[in-house]
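Trainee: Pasting a structure here, questions to come.
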Amino acid sequence: MESEQLNGSSAALQRWGVSALHGWRHEPAQPVQGGLLDVQRWVALLRRRGPMLLAVASVIFAGFVLKTMLDQPMYTAQVEIVVDTRHEQIIDAKPVVQDLPRSTQEANVVDTQVAMLRSRQLAASVVRKLNLVNDPEFNGDLAPASGPLAWLSGSPQSTSPSPKSDAQTREKVVDALLGRLAIKRKGLTYVIGITVTTADPEKSARIANAYANNFLSMNWDSKADATRRVNEWVSGRLGGLRRQVEQSEADVQNYKIANNLLSASGVPLSEAEISNYSQQAATARAALAEDLARLNTARAQLARGSSGDDVGEALGSDVVMELRKQRALISARYAGLERRYGPRHPDLQTAERELADIDAQIQAEIGRVISNLEAKVQVSRQRLASVQGSLGGAQGVLAANNRAAVRLNELQRNADAAKGIYESFLNRYKETSAMAGMVAPDARLVSWASVPTEASSPNLKLNLALGALVGLMAGLAAALAAEMLNSGLSTSEDVEEGIGVPCLGSVPLLRRNGASPSAYLVSKPRSAFAEAFKVLQTSLLHLGDDVPPRVLAITSSLPGEGKTATAACFAGSLAQQGYKTILVDCDEHRASLSNQLGAVGLGLLEVLQGYCTLEEALLRDEGTGTTFLPLVPAVDAPRDLVVSDAMKDLLERLRSEYDIVILDTKPVLGVADTRVLAPMADAVIFLARWRKTPRRAVVASLKILERTGARIAGLALTQVDMKQQARTGYGDPEYYHSKYKGHYVD
């Protein structure tokens with residue numbers, strides 16, 4: 001019998017070794033990355049968080065329905081005005097308040113008008129005009145208390161509100177009116193819509209019309225007031241400017257008189273005299289030059305031996321010309337006598353005496369002409385000297401006048417400036433006086449508000465649609481938030497991508513009625529529960545090295561994660577397949593496995609201390625064929641006995657006698673034993689409870705084990721609800737459980 005068992009054990013061990021592959025590192029298959037467009041992932045999320053989504057959406061939708069039912073019907077009236085950028089131009093004068101620009105690039109003026117319509121001043125004027133302070137809809141102090149307020153007002157403990165001043169009440173009513181008011185521009189046009197919403201349709205129309213009417217009146221009043229203020233101010237300034245002009249002109253005239261700056265036809269007298277003297281001097285100088293030229297020419301001719309007959313001035317003399325005519329007659333008579341008579345003839349001598357007398361007269365006349373030329377030159381010199389003297393005196397006076405004109409010019413400029421300002425103000429005063437009755441507002445009414453016939457709110461269809469949409473969005477947000485806050489592990493994809501270790505498989509949640517997991521494993525060998533441990537075995541085989549792991553430590557982060565049940569069932573599954581398997585209980589704090597087997601007296605601690613042999617402490621499960629080494633807690637046993645050298649020696653012995661050695665160890669966090677015991681095993685199977693074990697606890701535990709040098713085979717999820725995983729566990733093989741569940745016999 002022992003020989004057959006040994007041969008079976010060797011065959012099983014050979015199968016275990018043959019199944020091993022190349023190396024300890026597991027290279028998980030790359031998952032299909034669907035990202036945000038992975039529809040199945042979103043469907044799985046909705047299935048998983050569907051109840052929460054529906055609950056949140058239902059509550060919000062019910063709130064919208066309740067609010068719609070309790071809301072008071074409200075009526076909205078609208079009046080339309082248009083911003084008028086074109087006005088009649090009756091006179092060509094600039095207005096005091098400029099009209100709105102006509103360029104389409106200045107369309108933002110409409111937004112300015114909208115802002116003016118929202119002003120508190122305008123709202124306050126409407127409140128005063130319609131006496132809204134006494135309207136309970138706008139003055140909450142006048143409204144009767146209802147609901148909880150009515151109960152509080154009737155309660156003895158309630159206190160009456162403190163009285164408010166008229167100003168505070170008015171401001172409160174203005175705020176209420178602005179809250180009921182909506183002002184909106186119609187697209188890109190110049191039309192502005194003013195809407196008012198109240199509980200009374202007639203009141204809504206009345207307030208809207210009053211709002212538009214007050215706005216137009218305020219706009220007209222502001223422009224008219226501006227024109228009137230400018231007109232009054234200009235009128236007040238004209239008197240002072242008139243006196244200033246008169247004083248400036250008087251200063252100019254007085255200065256002219258004081259400094260002898262007289263003028264004729266706008267030209268100063270000194271300048272006129274200089275101009276006249278300059279012309280006279282030029283004329284005198286020319287006359288002197290002419291007279292000198294004639295005198296010098298005559299003298300030059302006489303100096304050359306001329307008898308004076310050819311002197312120009314003599315040629316022009318009537319006396320000389322008459323004498324020359326007489327001489328010509330006498331010369332003719334003398335010539336005739338000379339031919340007829342001899343030189344001694346008395347007539348001839350008489351003729352000679354006559355010629356000599358005429359020549360003497362001619363010479364005397366020429367001398368007189370030369371003397372006249374000399375006298376004329378002297379007169380011209382004296383005249384020129386006199387004119388030059390007068391010109392010098394006038395120039396001296398002009399120099400003095402020019403020095404005085406500097407101040408005169410300053411006074412004249414001041415007078416001209418004062419006169420210009422005065423004329424400008426006078427013209428503007430006349431323009432503003434003429435424009436006082438022609439002021440037009442910047443907007444005009446398009447249509448009055450009519451009394452609404454239907455309530456504008458509550459809008460049942462809109463509220464229901466909005467409630468459904470908001471509820472759906474809030475439910476989806478709650479589902480996403482719950483999913484993001486979920487720190488557990490749900491799928492193999494979470495394990496491999498989020499933790500970075502291979503996922504060895506999933507152990508289903510066993511819904512049993514009093515039966516132990518090991519008993520269920522034996523009775524249902526073809527169930528999904530039994531198949532899960534075969535998958536776990538296969539995953540371990542495909543981690544393999546040339547030498548497969550034979551000592552397996554099973555641990556977890558925290559207690560209560562199904563570690564003991566998983567270890568027992570995994571050992572039972574291996575034993576049913578013919579592997580010689582031993583399960584060692586190493587959790588001396590809880591000894592859950594030993595308690596389930598009912599072990600008493602002898603166990604692991606006794607073997608390690610040498611109180612008994614290994615064979616004396618072993619127990620056997622006849623149903624699965626698994627050998628157990630229990631642990632009976634002892635008060636006097638050393639606490640570090642499980643991680644001592646004796647434990648190493650025991651594991652070496654078990655390695656040589658059994659195909660598979662499974663160690664049920666303590667949780668990693670909070671207890672140090674597993675950190676020492678895990679490196680003694682060939683591989684560590686780490687367990688995490690499905691959707692319960694925090695991800696950070698798993699990561700922290702794996703980091704601790706890695707620092708100790710333990711070989712982590714991978715992570716397995718325990719207590720997995722297969723039905724729910726099949727519905728919502730997208731990214732996990734169990735998501736397709738419904739496809740192959742017919743292969744199981746439960």
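Going through the structure tokens in order, the chains are called A, B, and so on, while each chain numbers its residues from 1 and the ligands are numbered from 1 in the order shown.
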Could you give me, as a tab-separated table (two decimals) with N, CA and C atoms, in the first residue's frame, the residues within 8 Å of range 211-218 of chain A, counting only C-alpha atoms and dropping anything in the same chain fewer than 2 positions from it?

Mentor:
chain	number	residue	atom	x	y	z
A	79	VAL	N	-43.01	94.23	-22.21
A	79	VAL	CA	-43.09	95.45	-23.00
A	79	VAL	C	-41.78	95.60	-23.75
A	80	GLU	N	-41.86	96.13	-24.98
A	80	GLU	CA	-40.67	96.24	-25.82
A	80	GLU	C	-40.40	97.70	-26.14
A	81	ILE	N	-39.16	98.09	-26.02
A	81	ILE	CA	-38.71	99.43	-26.43
A	81	ILE	C	-37.56	99.25	-27.40
A	117	LEU	N	-31.55	100.10	-17.51
A	117	LEU	CA	-32.87	99.58	-17.16
A	117	LEU	C	-32.83	98.77	-15.87
A	122	LEU	N	-34.23	103.45	-11.17
A	122	LEU	CA	-35.42	103.24	-11.97
A	122	LEU	C	-36.42	102.34	-11.25
A	123	ALA	N	-35.91	101.25	-10.65
A	123	ALA	CA	-36.79	100.35	-9.91
A	123	ALA	C	-37.46	101.09	-8.74
A	125	SER	N	-38.21	104.23	-8.61
A	125	SER	CA	-39.25	105.13	-9.13
A	125	SER	C	-40.53	104.36	-9.43
A	126	VAL	N	-40.39	103.12	-9.95
A	126	VAL	CA	-41.58	102.29	-10.21
A	126	VAL	C	-42.25	101.91	-8.89
A	194	ILE	N	-38.64	94.03	-21.81
A	194	ILE	CA	-38.73	94.18	-20.35
A	194	ILE	C	-39.87	93.28	-19.89
A	207	ILE	N	-46.98	96.76	-14.09
A	207	ILE	CA	-45.60	97.06	-13.69
A	207	ILE	C	-44.69	97.18	-14.91
A	208	ALA	N	-44.87	96.30	-15.89
A	208	ALA	CA	-44.02	96.35	-17.09
A	208	ALA	C	-44.21	97.66	-17.83
A	209	ASN	N	-45.49	98.09	-18.00
A	209	ASN	CA	-45.74	99.36	-18.69
A	209	ASN	C	-45.20	100.54	-17.90
A	220	TRP	N	-35.71	111.21	-20.98
A	220	TRP	CA	-36.01	112.56	-21.49
A	220	TRP	C	-35.66	113.62	-20.45
A	221	ASP	N	-36.02	113.37	-19.21
A	221	ASP	CA	-35.73	114.34	-18.15
A	221	ASP	C	-34.24	114.57	-17.99
A	222	SER	N	-33.46	113.49	-18.09
A	222	SER	CA	-32.01	113.64	-17.92
A	222	SER	C	-31.41	114.51	-19.02
A	441	PRO	N	-35.85	111.55	-26.25
A	441	PRO	CA	-35.21	110.44	-25.53
A	441	PRO	C	-34.47	109.52	-26.49
A	442	ASP	N	-33.58	108.72	-25.94
A	442	ASP	CA	-32.77	107.81	-26.76
A	442	ASP	C	-33.51	106.52	-27.09
A	443	ALA	N	-34.70	106.34	-26.62
A	443	ALA	CA	-35.47	105.13	-26.90
A	443	ALA	C	-36.93	105.51	-27.08
A	444	ARG	N	-37.66	104.62	-27.73
A	444	ARG	CA	-39.09	104.83	-27.90
A	444	ARG	C	-39.80	103.50	-27.73
A	445	LEU	N	-41.07	103.58	-27.45
A	445	LEU	CA	-41.86	102.39	-27.17
A	445	LEU	C	-42.22	101.67	-28.46

Trainee: Under the rule that only C-alpha atoms are counted, which of A:Thr581, A:Gln537, A:Gln363, A:Thr68 is the nearest residue to Arg620 in chain A?

Mentor: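 Nearest to Arg620 in chain A: A:Thr581.
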
Trainee: Report, in Å with one decimal, the straight-line distance from CA of Arg120 in chain A to CA of Lys184 in chain A.

Mentor: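 Spanning CA of Arg120 in chain A to CA of Lys184 in chain A is a straight-line distance of 16.8 Å.
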
Trainee: Which residues, written as a VMD selection string, have at least one atom at most 10 Å from Val377 in chain A, with only C-alpha atoms counted and residues fewer than 3 positions away on the same chain left out?

Mentor: chain A and resid 287 to 295 371 to 374 380 to 383

Trainee: Using DSSP assignments from the backbone, pull out every residue in range 392-589 of chain A that falls under alpha helix (DSSP H) and give it to me as a VMD selection string.

Mentor: chain A and resid 392 to 435 460 to 485 492 to 493 517 to 523 528 to 541 563 to 576

Trainee: Find the residues near Ala478 in chain A: any atom within 8 Å, counting only C-alpha atoms, skip ones fewer than 3 places away on the same chain, and give them as a list in words.

Mentor: Met52, Leu53, Val56, Ala474, Gly475, Ala481 and Ala482 of chain A

Trainee: Restricting it to N, CA and C atoms, dump the selection as a short mmCIF file (atom, residue, chain, number, x, y, z; two decimals), in the first residue's frame.

Mentor:
data_model
loop_
_atom_site.label_atom_id
_atom_site.label_comp_id
_atom_site.auth_asym_id
_atom_site.auth_seq_id
_atom_site.Cartn_x
_atom_site.Cartn_y
_atom_site.Cartn_z
N MET A 52 -28.28 52.43 -6.66
CA MET A 52 -27.94 53.76 -6.15
C MET A 52 -28.36 54.84 -7.14
N LEU A 53 -28.10 54.62 -8.42
CA LEU A 53 -28.44 55.60 -9.45
C LEU A 53 -29.94 55.84 -9.45
N VAL A 56 -31.11 57.80 -6.20
CA VAL A 56 -30.80 59.23 -6.23
C VAL A 56 -31.68 59.94 -7.26
N ALA A 474 -27.48 63.45 -11.49
CA ALA A 474 -27.05 63.30 -10.09
C ALA A 474 -26.84 61.84 -9.74
N GLY A 475 -27.75 60.98 -10.22
CA GLY A 475 -27.57 59.55 -9.96
C GLY A 475 -26.31 59.01 -10.59
N ALA A 481 -19.10 58.60 -8.29
CA ALA A 481 -18.39 58.91 -7.05
C ALA A 481 -18.23 57.66 -6.19
N ALA A 482 -19.29 56.86 -6.10
CA ALA A 482 -19.19 55.62 -5.32
C ALA A 482 -18.17 54.67 -5.94
#

Trainee: If you run DSSP on this backbone, which residues of range 354-586 of chain A come out as strand (DSSP E or B), and could you give them as a ChimeraX atom specification?

Mentor: /A:443-447,457,503-508,551-556,581-585

Trainee: Please write the residues from the selection above to a file, keeping C-alpha atoms, as a compact mmCIF listing (two decimals), in the first residue's frame.

Mentor:
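After the write, out.txt holds the following:
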# COMPACT_ATOMS: atom_id res chain seq x y z
CA ALA A 443 -35.47 105.13 -26.90
CA ARG A 444 -39.09 104.83 -27.90
CA LEU A 445 -41.86 102.39 -27.17
CA VAL A 446 -42.48 99.54 -29.60
CA SER A 447 -45.43 97.81 -27.92
CA SER A 457 -44.63 79.05 -14.50
CA CYS A 503 -4.55 37.36 -10.80
CA LEU A 504 -4.57 33.65 -9.97
CA GLY A 505 -8.35 33.29 -10.02
CA SER A 506 -11.59 33.89 -8.14
CA VAL A 507 -13.06 31.73 -5.39
CA PRO A 508 -16.89 31.85 -5.50
CA VAL A 551 5.73 24.91 -0.42
CA LEU A 552 2.91 27.43 -0.76
CA ALA A 553 2.10 30.06 1.85
CA ILE A 554 -1.45 31.39 1.80
CA THR A 555 -1.96 34.77 3.44
CA SER A 556 -3.98 37.99 3.26
CA THR A 581 -0.74 17.24 0.08
CA ILE A 582 -0.27 18.46 3.62
CA LEU A 583 -1.93 21.53 5.09
CA VAL A 584 -0.10 23.19 7.97
CA ASP A 585 -1.93 25.57 10.32

Trainee: Between A:Lys692, A:Lys534, A:Arg407, A:Arg353, which is the closest to Ser331 in chain A once you count only C-alpha atoms?

Mentor: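 For Ser331 in chain A, the nearest of the candidates is A:Arg353.
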
Trainee: Which residues are close to range 465-471 of chain A, i.e. within 12 Å by only C-alpha atoms, leaving aside same-chain residues fewer than 4 positions away? Reply as a PyMOL selection string.

Mentor: chain A and resi 52-68+459-461+475-479

Trainee: Kindly give the distance, in Å, that separates CA of Val642 in chain A and CA of Thr538 in chain A, rounded to a single decimal.

Mentor: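 Computing the Euclidean distance for CA of Val642 in chain A and CA of Thr538 in chain A yields 29.3 Å.
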
Trainee: From the set A:Gln609, A:Thr624, A:Gln349, A:Ser235, which residue has the shortest atom-to-atom contact distance to Leu426 in chain A, counting only C-alpha atoms?

Mentor: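 Counting only C-alpha atoms, the residue closest to Leu426 in chain A is A:Ser235.
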
Trainee: Taking only C-alpha atoms into account, name the residue in A:Ala697, A:Ile660, A:Val379, A:Leu608 that is nearest to Pro559 in chain A.

Mentor: A:Ala697

Trainee: Do you have the CA of Leu181 in chain A-CA of Val109 in chain A distance handy?

Mentor: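 The value is 20.6 Å.
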
Trainee: Name all residues at most 8 Å from range 359-361 of chain A (count only C-alpha atoms; drop same-chain ones fewer than 3 positions away) and give them as a list in words.

Mentor: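 So, after excluding close chain neighbours, the residues are Leu323, Arg327, Leu355, Ala356, Ala364 and Glu365 of chain A.
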